[in-house]
Amino acid sequence: MTTAGWHGGAAAVVTLTFDVDAETPVLAAGRGYAEHLSTMSHQAYGPQVGVPRILDLLDEESVPATFFVPGWVAEQRPGLAAGIVERGHEVAHHSYSHRAPTSLTPDEERADFERALAVFADQGIEISGHRAALWEASRQTPELVAEHGLLYDSSLMADDRPYRIATHIAGGREIAELPVHWSLDDWEQYAFLPAPQIGSVIEAPAKVLEMWCAELDAMRRHRCLFNLCSHPFLSGRPSRLEALRRLIGFARDRGDVRFARCRDVARDALADPELQPRPLQRWAVDPAVYPDGTA
């Protein structure tokens, strides 16, 4: 890290991240979807077609990226994670099964988390960070990240710049949080399936590009982290991939934007003395005011 702080003097830092979910989101909705050939083929497009195209684009543009891969996907496709790493990119933890931590018991979440780590360990893939399935982190999630020695999480939304979280592990071990937001997720723009219902609108790539460029320009004023989340089964489609190429060119043309892997931003954030650690917040909720309406 430079003395300029986590951003290294850049007006904004861009992390291009790709969630290689493949079939896991539909299987998490019900294992019966394994018999829906059209649905499963729609998801398989991601690792089979989208990931190779994205890797080629990143090579052509000389841009580093981070790929969040569920353990199940890495297990089903043994060379996938290693191939990403060989191209100079980061592979990070994205659960094992792509079931939301908030839908699991603490023991189930731990088992799912550790099962994914075991897959990557068996494949010789170094893991530095984590992103919760569906961005539905539980109160236990940051603790698991810290307990297993990872540097960062990328599931929360309390800022648009990196921040440090003080956990209860080993007397307050800190992890970096690389925040996300729905407006920087291609799922909200492109995802559509009749069943399971994962989205219902397919936007034009030109509209999405306009929105993302406007956000990046505004973030440059506030020295933010532009943490873009894309999915190869969505943004691996040709016109969407070209929109991503134009976004990279737009950022480069600004002259003050830096591209980085998530693990590199996390290391810089943890070393930045100006980022003060934040405790995990807990709310006292009066049941007389707020009845339990959670699933």
# chains A, B, ... in the order shown; residues from 1 in each chain; ligands from 1
call {"tool": "residues_around", "arguments": {"residues": "stretch 85-96 of chain A", "least_positions_apart": "3", "cutoff": "7 Å", "atoms": "only C-alpha atoms", "output": "number ranges by chain"}}
result
A: 64-72, 81-82, 112-113, 115-116, 127-133, 261
call {"tool": "write_last_selection", "arguments": {"atoms": "C-alpha atoms", "output": "compact mmCIF listing (two decimals), in the first residue's frame"}}
result
# COMPACT_ATOMS: atom_id res chain seq x y z
CA PRO A 64 -7.30 -8.02 -12.92
CA ALA A 65 -10.50 -9.45 -11.48
CA THR A 66 -11.94 -11.58 -8.69
CA PHE A 67 -14.13 -14.63 -9.31
CA PHE A 68 -16.39 -15.74 -6.44
CA VAL A 69 -17.02 -19.46 -6.95
CA PRO A 70 -19.34 -21.73 -4.94
CA GLY A 71 -17.59 -24.84 -3.75
CA TRP A 72 -20.13 -27.06 -5.51
CA ALA A 81 -10.79 -22.41 -10.39
CA ALA A 82 -7.22 -23.32 -11.31
CA ASP A 112 -21.53 -25.14 4.22
CA PHE A 113 -18.74 -22.57 4.70
CA ARG A 115 -17.18 -27.60 2.98
CA ALA A 116 -16.35 -24.95 0.37
CA ILE A 127 -8.67 -18.25 -0.63
CA SER A 128 -8.48 -14.73 0.83
CA GLY A 129 -12.09 -13.56 0.79
CA HIS A 130 -15.76 -14.45 0.90
CA ARG A 131 -19.09 -13.30 -0.48
CA ALA A 132 -22.34 -14.61 0.97
CA ALA A 133 -24.83 -16.27 -1.33
CA ARG A 261 -8.38 -7.59 -7.17
call {"tool": "residues_around", "arguments": {"residues": "stretch 23-37 of chain A", "least_positions_apart": "4", "cutoff": "9 Å", "atoms": "only C-alpha atoms", "output": "PyMOL selection string"}}
result
chain A and resi 41-44+46+70+72-73+96-100+133-134+195-196+198
call {"tool": "write_last_selection", "arguments": {"atoms": "C-alpha atoms", "output": "tab-separated table (two decimals), in the first residue's frame"}}
result
chain	number	residue	atom	x	y	z
A	41	SER	CA	-28.41	-25.36	-19.59
A	42	HIS	CA	-29.16	-21.65	-19.04
A	43	GLN	CA	-27.01	-21.76	-15.91
A	44	ALA	CA	-24.27	-23.95	-17.39
A	46	GLY	CA	-21.84	-19.31	-17.31
A	70	PRO	CA	-19.34	-21.73	-4.94
A	72	TRP	CA	-20.13	-27.06	-5.51
A	73	VAL	CA	-19.29	-25.41	-8.84
A	96	TYR	CA	-20.59	-24.28	-1.06
A	97	SER	CA	-24.23	-24.59	-2.10
A	98	HIS	CA	-25.33	-20.98	-2.77
A	99	ARG	CA	-27.95	-21.21	-0.04
A	100	ALA	CA	-28.37	-17.92	1.82
A	133	ALA	CA	-24.83	-16.27	-1.33
A	134	LEU	CA	-27.49	-13.73	-2.37
A	195	ALA	CA	-38.99	-20.94	-12.99
A	196	PRO	CA	-37.53	-20.57	-10.50
A	198	ILE	CA	-34.98	-15.17	-10.33
call {"tool": "closest_atom_pairs", "arguments": {"of": "stretch 106-167 of chain A", "to": "stretch 209-229 of chain A", "cutoff": "12 Å", "atoms": "only C-alpha atoms", "output": "CSV"}}
result
residue,atom,partner,partner_atom,distance
A:Arg131,CA,A:Cys229,CA,10.6
A:Leu134,CA,A:Cys229,CA,11.4
A:Trp135,CA,A:Cys229,CA,10.9
A:Ser154,CA,A:Asn227,CA,9.0
A:Ser155,CA,A:Asn227,CA,10.7
A:Leu156,CA,A:Asn227,CA,11.5
A:Met157,CA,A:Asn227,CA,11.0
A:Asp159,CA,A:Cys224,CA,9.0
A:Asp160,CA,A:Cys224,CA,5.7
A:Arg161,CA,A:Cys224,CA,4.9
A:Pro162,CA,A:Leu225,CA,6.8
A:Tyr163,CA,A:Leu225,CA,10.5
call {"tool": "residues_around", "arguments": {"residues": "A:Leu144", "least_positions_apart": "6", "cutoff": "12 Å", "atoms": "only C-alpha atoms", "output": "PDB file with C-alpha atoms, in the first residue's frame"}}
result
ATOM      1  CA  HIS A  93     -15.232 -18.207  -1.499  1.00  0.00           C
ATOM      2  CA  SER A  95     -20.405 -20.625  -0.090  1.00  0.00           C
ATOM      3  CA  PRO A 101     -26.805 -17.988   5.315  1.00  0.00           C
ATOM      4  CA  PRO A 106     -25.646 -21.551  12.537  1.00  0.00           C
ATOM      5  CA  ASP A 107     -24.428 -25.152  12.347  1.00  0.00           C
ATOM      6  CA  GLU A 109     -23.950 -22.252   7.742  1.00  0.00           C
ATOM      7  CA  ARG A 110     -20.675 -23.361   9.326  1.00  0.00           C
ATOM      8  CA  ALA A 111     -20.822 -26.750   7.610  1.00  0.00           C
ATOM      9  CA  ASP A 112     -21.528 -25.141   4.223  1.00  0.00           C
ATOM     10  CA  PHE A 113     -18.743 -22.574   4.700  1.00  0.00           C
ATOM     11  CA  GLU A 114     -16.167 -25.174   5.716  1.00  0.00           C
ATOM     12  CA  LEU A 117     -12.991 -24.253   2.001  1.00  0.00           C
ATOM     13  CA  GLY A 129     -12.092 -13.557   0.794  1.00  0.00           C
ATOM     14  CA  HIS A 130     -15.756 -14.448   0.901  1.00  0.00           C
ATOM     15  CA  ARG A 131     -19.088 -13.296  -0.480  1.00  0.00           C
ATOM     16  CA  ALA A 132     -22.342 -14.611   0.974  1.00  0.00           C
ATOM     17  CA  ALA A 137     -24.948 -12.600   5.401  1.00  0.00           C
ATOM     18  CA  SER A 138     -25.981 -13.690   8.880  1.00  0.00           C
ATOM     19  CA  LEU A 150      -9.670 -14.862   5.485  1.00  0.00           C
ATOM     20  CA  LEU A 151      -8.930 -11.193   4.858  1.00  0.00           C
ATOM     21  CA  TYR A 152     -12.281  -9.876   3.754  1.00  0.00           C
ATOM     22  CA  ASP A 153     -15.989 -10.229   3.212  1.00  0.00           C
ATOM     23  CA  THR A 167     -15.044  -9.418  15.083  1.00  0.00           C
ATOM     24  CA  HIS A 168     -15.109 -11.403  18.312  1.00  0.00           C
ATOM     25  CA  ILE A 169     -12.500 -13.862  17.031  1.00  0.00           C
ATOM     26  CA  ALA A 170      -9.126 -13.896  18.822  1.00  0.00           C
ATOM     27  CA  ARG A 173      -9.564  -9.933  14.804  1.00  0.00           C
ATOM     28  CA  GLU A 174     -10.366  -7.506  12.009  1.00  0.00           C
ATOM     29  CA  ILE A 175     -11.509  -8.248   8.495  1.00  0.00           C
TER      30      ILE A 175
END
call {"tool": "atom_distance", "arguments": {"atom1": "atom CA of A:Leu275", "atom2": "atom CA of A:Ala260"}}
result
18.6 Å
call {"tool": "residues_around", "arguments": {"residues": "A:Gln276", "least_positions_apart": "2", "cutoff": "8 Å", "atoms": "only C-alpha atoms", "output": "compact mmCIF listing (two decimals) with N, CA and C atoms, in the first residue's frame"}}
result
# COMPACT_ATOMS: atom_id res chain seq x y z
N TYR A 163 -14.35 -0.80 4.55
CA TYR A 163 -14.26 -0.53 5.98
C TYR A 163 -13.80 -1.78 6.71
N ARG A 164 -13.36 -1.58 7.93
CA ARG A 164 -12.84 -2.68 8.73
C ARG A 164 -13.87 -3.07 9.78
N PRO A 273 -4.40 3.28 8.28
CA PRO A 273 -4.71 3.72 9.65
C PRO A 273 -5.90 4.67 9.71
N GLU A 274 -6.30 5.23 8.59
CA GLU A 274 -7.44 6.14 8.61
C GLU A 274 -8.78 5.41 8.63
N ARG A 278 -14.95 -0.98 12.82
CA ARG A 278 -16.33 -0.84 13.28
C ARG A 278 -16.75 -2.13 13.96
call {"tool": "select_by_dssp", "arguments": {"residues": "stretch 67-204 of chain A", "states": "strand (DSSP E)", "output": "ChimeraX atom specification"}}
result
/A:67-69,90-93,129-130,152-153,163-166,174-177
call {"tool": "write_last_selection", "arguments": {"atoms": "N, CA and C atoms", "output": "tab-separated table (two decimals), in the first residue's frame"}}
result
chain	number	residue	atom	x	y	z
A	67	PHE	N	-13.03	-13.71	-8.98
A	67	PHE	CA	-14.13	-14.63	-9.31
A	67	PHE	C	-14.58	-15.33	-8.02
A	68	PHE	N	-15.81	-15.09	-7.62
A	68	PHE	CA	-16.39	-15.74	-6.44
A	68	PHE	C	-17.07	-17.03	-6.92
A	69	VAL	N	-16.59	-18.16	-6.43
A	69	VAL	CA	-17.02	-19.46	-6.95
A	69	VAL	C	-17.60	-20.31	-5.82
A	90	GLU	N	-8.02	-13.67	-9.08
A	90	GLU	CA	-8.29	-14.22	-7.75
A	90	GLU	C	-9.55	-15.08	-7.78
A	91	VAL	N	-9.50	-16.21	-7.10
A	91	VAL	CA	-10.69	-17.01	-6.82
A	91	VAL	C	-11.03	-16.85	-5.35
A	92	ALA	N	-12.29	-16.55	-5.07
A	92	ALA	CA	-12.74	-16.32	-3.69
A	92	ALA	C	-13.94	-17.22	-3.36
A	93	HIS	N	-14.23	-17.32	-2.10
A	93	HIS	CA	-15.23	-18.21	-1.50
A	93	HIS	C	-16.63	-17.60	-1.68
A	129	GLY	N	-10.87	-14.29	0.50
A	129	GLY	CA	-12.09	-13.56	0.79
A	129	GLY	C	-13.34	-14.36	0.53
A	130	HIS	N	-14.47	-13.76	0.89
A	130	HIS	CA	-15.76	-14.45	0.90
A	130	HIS	C	-16.86	-13.49	0.48
A	152	TYR	N	-11.17	-10.79	4.02
A	152	TYR	CA	-12.28	-9.88	3.75
A	152	TYR	C	-13.58	-10.61	3.48
A	153	ASP	N	-14.65	-9.86	3.65
A	153	ASP	CA	-15.99	-10.23	3.21
A	153	ASP	C	-16.43	-9.20	2.18
A	163	TYR	N	-14.35	-0.80	4.55
A	163	TYR	CA	-14.26	-0.53	5.98
A	163	TYR	C	-13.80	-1.78	6.71
A	164	ARG	N	-13.36	-1.58	7.93
A	164	ARG	CA	-12.84	-2.68	8.73
A	164	ARG	C	-13.87	-3.07	9.78
A	165	ILE	N	-14.02	-4.39	9.96
A	165	ILE	CA	-14.95	-4.92	10.95
A	165	ILE	C	-14.16	-5.61	12.05
A	166	ALA	N	-14.42	-5.22	13.28
A	166	ALA	CA	-13.80	-5.89	14.44
A	166	ALA	C	-14.71	-7.03	14.87
A	174	GLU	N	-9.69	-8.35	12.99
A	174	GLU	CA	-10.37	-7.51	12.01
A	174	GLU	C	-10.36	-8.16	10.63
A	175	ILE	N	-11.46	-7.92	9.91
A	175	ILE	CA	-11.51	-8.25	8.49
A	175	ILE	C	-11.90	-6.98	7.74
A	176	ALA	N	-11.58	-6.94	6.48
A	176	ALA	CA	-12.02	-5.83	5.65
A	176	ALA	C	-13.38	-6.17	5.06
A	177	GLU	N	-14.23	-5.18	4.96
A	177	GLU	CA	-15.50	-5.32	4.24
A	177	GLU	C	-15.40	-4.52	2.95
call {"tool": "select_by_dssp", "arguments": {"residues": "stretch 33-117 of chain A", "states": "alpha helix (DSSP H)", "output": "tab-separated table (two decimals) with C-alpha atoms, in the first residue's frame"}}
result
chain	number	residue	atom	x	y	z
A	37	LEU	CA	-32.80	-29.38	-18.90
A	38	SER	CA	-33.45	-25.90	-20.34
A	39	THR	CA	-33.04	-24.25	-16.95
A	40	MET	CA	-29.85	-26.12	-16.15
A	41	SER	CA	-28.41	-25.36	-19.59
A	42	HIS	CA	-29.16	-21.65	-19.04
A	43	GLN	CA	-27.01	-21.76	-15.91
A	44	ALA	CA	-24.27	-23.95	-17.39
A	45	TYR	CA	-23.67	-21.26	-20.02
A	51	VAL	CA	-16.11	-17.50	-18.09
A	52	PRO	CA	-13.79	-18.18	-21.06
A	53	ARG	CA	-15.08	-15.09	-22.86
A	54	ILE	CA	-14.66	-12.95	-19.74
A	55	LEU	CA	-11.13	-14.24	-19.20
A	56	ASP	CA	-10.27	-13.36	-22.80
A	57	LEU	CA	-11.70	-9.87	-22.34
A	58	LEU	CA	-9.68	-9.34	-19.17
A	59	ASP	CA	-6.53	-10.49	-20.98
A	60	GLU	CA	-7.21	-8.12	-23.86
A	61	GLU	CA	-7.77	-5.21	-21.51
A	71	GLY	CA	-17.59	-24.84	-3.75
A	72	TRP	CA	-20.13	-27.06	-5.51
A	73	VAL	CA	-19.29	-25.41	-8.84
A	74	ALA	CA	-15.54	-25.84	-8.29
A	75	GLU	CA	-16.12	-29.47	-7.30
A	76	GLN	CA	-18.21	-30.25	-10.38
A	80	LEU	CA	-12.30	-24.17	-13.41
A	81	ALA	CA	-10.79	-22.41	-10.39
A	82	ALA	CA	-7.22	-23.32	-11.31
A	83	GLY	CA	-7.75	-21.99	-14.82
A	84	ILE	CA	-8.91	-18.65	-13.44
A	85	VAL	CA	-5.89	-18.39	-11.15
A	86	GLU	CA	-3.52	-19.31	-14.00
A	106	PRO	CA	-25.65	-21.55	12.54
A	107	ASP	CA	-24.43	-25.15	12.35
A	108	GLU	CA	-25.64	-25.49	8.75
A	109	GLU	CA	-23.95	-22.25	7.74
A	110	ARG	CA	-20.68	-23.36	9.33
A	111	ALA	CA	-20.82	-26.75	7.61
A	112	ASP	CA	-21.53	-25.14	4.22
A	113	PHE	CA	-18.74	-22.57	4.70
A	114	GLU	CA	-16.17	-25.17	5.72
A	115	ARG	CA	-17.18	-27.60	2.98
A	116	ALA	CA	-16.35	-24.95	0.37
A	117	LEU	CA	-12.99	-24.25	2.00
call {"tool": "closest_residue", "arguments": {"among": "A:Ser62, A:Gln123, A:Gln140, A:Gln197", "to": "A:Arg252", "atoms": "only C-alpha atoms"}}
result
A:Ser62
call {"tool": "residues_around", "arguments": {"residues": "A:Phe259", "least_positions_apart": "5", "cutoff": "8 Å", "atoms": "only C-alpha atoms", "output": "list of chain:residue names"}}
result
A:Val13, A:Val14, A:Thr15, A:Leu16, A:Val63, A:Pro64
call {"tool": "closest_residue", "arguments": {"among": "A:Ala10, A:Pro287, A:Gly199, A:Glu188", "to": "A:Ala251", "atoms": "only C-alpha atoms"}}
result
A:Ala10
call {"tool": "atom_distance", "arguments": {"atom1": "atom CA of A:Phe233", "atom2": "atom CA of A:Phe192"}}
result
10.9 Å
call {"tool": "closest_residue", "arguments": {"among": "A:Ala4, A:Val49, A:Ala206, A:Val289", "to": "A:Gly236", "atoms": "only C-alpha atoms"}}
result
A:Val49
call {"tool": "decode", "arguments": {"residues": "stretch 192-221 of chain A", "atoms": "N, CA and C atoms", "output": "mmCIF file, in the first residue's frame"}}
result
data_model
loop_
_atom_site.group_PDB
_atom_site.id
_atom_site.type_symbol
_atom_site.label_atom_id
_atom_site.label_comp_id
_atom_site.auth_asym_id
_atom_site.auth_seq_id
_atom_site.Cartn_x
_atom_site.Cartn_y
_atom_site.Cartn_z
ATOM 1 N N PHE A 192 -33.409 -13.463 -15.852
ATOM 2 C CA PHE A 192 -34.781 -13.882 -16.154
ATOM 3 C C PHE A 192 -34.825 -15.393 -16.314
ATOM 4 N N LEU A 193 -35.762 -16.006 -15.624
ATOM 5 C CA LEU A 193 -36.139 -17.396 -15.837
ATOM 6 C C LEU A 193 -37.627 -17.529 -15.514
ATOM 7 N N PRO A 194 -38.362 -18.344 -16.266
ATOM 8 C CA PRO A 194 -39.766 -18.579 -15.887
ATOM 9 C C PRO A 194 -39.881 -19.249 -14.526
ATOM 10 N N ALA A 195 -38.994 -20.238 -14.277
ATOM 11 C CA ALA A 195 -38.992 -20.938 -12.991
ATOM 12 C C ALA A 195 -37.622 -21.578 -12.786
ATOM 13 N N PRO A 196 -37.045 -21.411 -11.583
ATOM 14 C CA PRO A 196 -37.532 -20.566 -10.497
ATOM 15 C C PRO A 196 -37.436 -19.100 -10.873
ATOM 16 N N GLN A 197 -38.273 -18.301 -10.275
ATOM 17 C CA GLN A 197 -38.371 -16.891 -10.638
ATOM 18 C C GLN A 197 -37.195 -16.141 -10.021
ATOM 19 N N ILE A 198 -36.182 -15.839 -10.830
ATOM 20 C CA ILE A 198 -34.978 -15.169 -10.334
ATOM 21 C C ILE A 198 -34.897 -13.718 -10.789
ATOM 22 N N GLY A 199 -35.870 -13.282 -11.585
ATOM 23 C CA GLY A 199 -35.886 -11.927 -12.121
ATOM 24 C C GLY A 199 -36.881 -11.879 -13.259
ATOM 25 N N SER A 200 -37.314 -10.681 -13.618
ATOM 26 C CA SER A 200 -38.377 -10.589 -14.624
ATOM 27 C C SER A 200 -38.153 -9.491 -15.647
ATOM 28 N N VAL A 201 -36.991 -8.836 -15.617
ATOM 29 C CA VAL A 201 -36.720 -7.737 -16.540
ATOM 30 C C VAL A 201 -35.377 -7.995 -17.222
ATOM 31 N N ILE A 202 -35.336 -7.805 -18.540
ATOM 32 C CA ILE A 202 -34.088 -7.893 -19.285
ATOM 33 C C ILE A 202 -33.820 -6.520 -19.884
ATOM 34 N N GLU A 203 -32.870 -5.800 -19.287
ATOM 35 C CA GLU A 203 -32.558 -4.443 -19.724
ATOM 36 C C GLU A 203 -31.591 -4.458 -20.907
ATOM 37 N N ALA A 204 -31.599 -3.376 -21.673
ATOM 38 C CA ALA A 204 -30.643 -3.207 -22.755
ATOM 39 C C ALA A 204 -29.263 -2.913 -22.182
ATOM 40 N N PRO A 205 -28.219 -3.539 -22.689
ATOM 41 C CA PRO A 205 -26.875 -3.265 -22.186
ATOM 42 C C PRO A 205 -26.503 -1.786 -22.238
ATOM 43 N N ALA A 206 -26.998 -1.049 -23.239
ATOM 44 C CA ALA A 206 -26.678 0.383 -23.325
ATOM 45 C C ALA A 206 -27.215 1.139 -22.120
ATOM 46 N N LYS A 207 -28.395 0.766 -21.649
ATOM 47 C CA LYS A 207 -28.971 1.407 -20.466
ATOM 48 C C LYS A 207 -28.161 1.071 -19.215
ATOM 49 N N VAL A 208 -27.759 -0.175 -19.103
ATOM 50 C CA VAL A 208 -26.971 -0.603 -17.944
ATOM 51 C C VAL A 208 -25.622 0.102 -17.943
ATOM 52 N N LEU A 209 -24.984 0.177 -19.106
ATOM 53 C CA LEU A 209 -23.699 0.859 -19.212
ATOM 54 C C LEU A 209 -23.827 2.326 -18.809
ATOM 55 N N GLU A 210 -24.877 2.977 -19.239
ATOM 56 C CA GLU A 210 -25.081 4.381 -18.872
ATOM 57 C C GLU A 210 -25.188 4.542 -17.354
ATOM 58 N N MET A 211 -25.935 3.663 -16.714
ATOM 59 C CA MET A 211 -26.102 3.739 -15.263
ATOM 60 C C MET A 211 -24.774 3.514 -14.550
ATOM 61 N N TRP A 212 -24.012 2.508 -14.980
ATOM 62 C CA TRP A 212 -22.752 2.205 -14.317
ATOM 63 C C TRP A 212 -21.714 3.298 -14.541
ATOM 64 N N CYS A 213 -21.685 3.877 -15.732
ATOM 65 C CA CYS A 213 -20.742 4.978 -15.984
ATOM 66 C C CYS A 213 -21.080 6.186 -15.125
ATOM 67 N N ALA A 214 -22.372 6.478 -14.986
ATOM 68 C CA ALA A 214 -22.776 7.605 -14.143
ATOM 69 C C ALA A 214 -22.380 7.372 -12.694
ATOM 70 N N GLU A 215 -22.537 6.136 -12.222
ATOM 71 C CA GLU A 215 -22.175 5.825 -10.840
ATOM 72 C C GLU A 215 -20.671 5.946 -10.635
ATOM 73 N N LEU A 216 -19.892 5.456 -11.591
ATOM 74 C CA LEU A 216 -18.439 5.547 -11.466
ATOM 75 C C LEU A 216 -17.982 6.996 -11.466
ATOM 76 N N ASP A 217 -18.546 7.812 -12.322
ATOM 77 C CA ASP A 217 -18.182 9.227 -12.346
ATOM 78 C C ASP A 217 -18.477 9.891 -11.001
ATOM 79 N N ALA A 218 -19.639 9.600 -10.436
ATOM 80 C CA ALA A 218 -19.987 10.176 -9.137
ATOM 81 C C ALA A 218 -19.080 9.643 -8.036
ATOM 82 N N MET A 219 -18.748 8.379 -8.110
ATOM 83 C CA MET A 219 -17.876 7.785 -7.101
ATOM 84 C C MET A 219 -16.480 8.397 -7.137
ATOM 85 N N ARG A 220 -16.035 8.837 -8.281
ATOM 86 C CA ARG A 220 -14.726 9.490 -8.370
ATOM 87 C C ARG A 220 -14.692 10.755 -7.517
ATOM 88 N N ARG A 221 -15.791 11.435 -7.410
ATOM 89 C CA ARG A 221 -15.847 12.650 -6.581
ATOM 90 C C ARG A 221 -15.699 12.317 -5.098
#
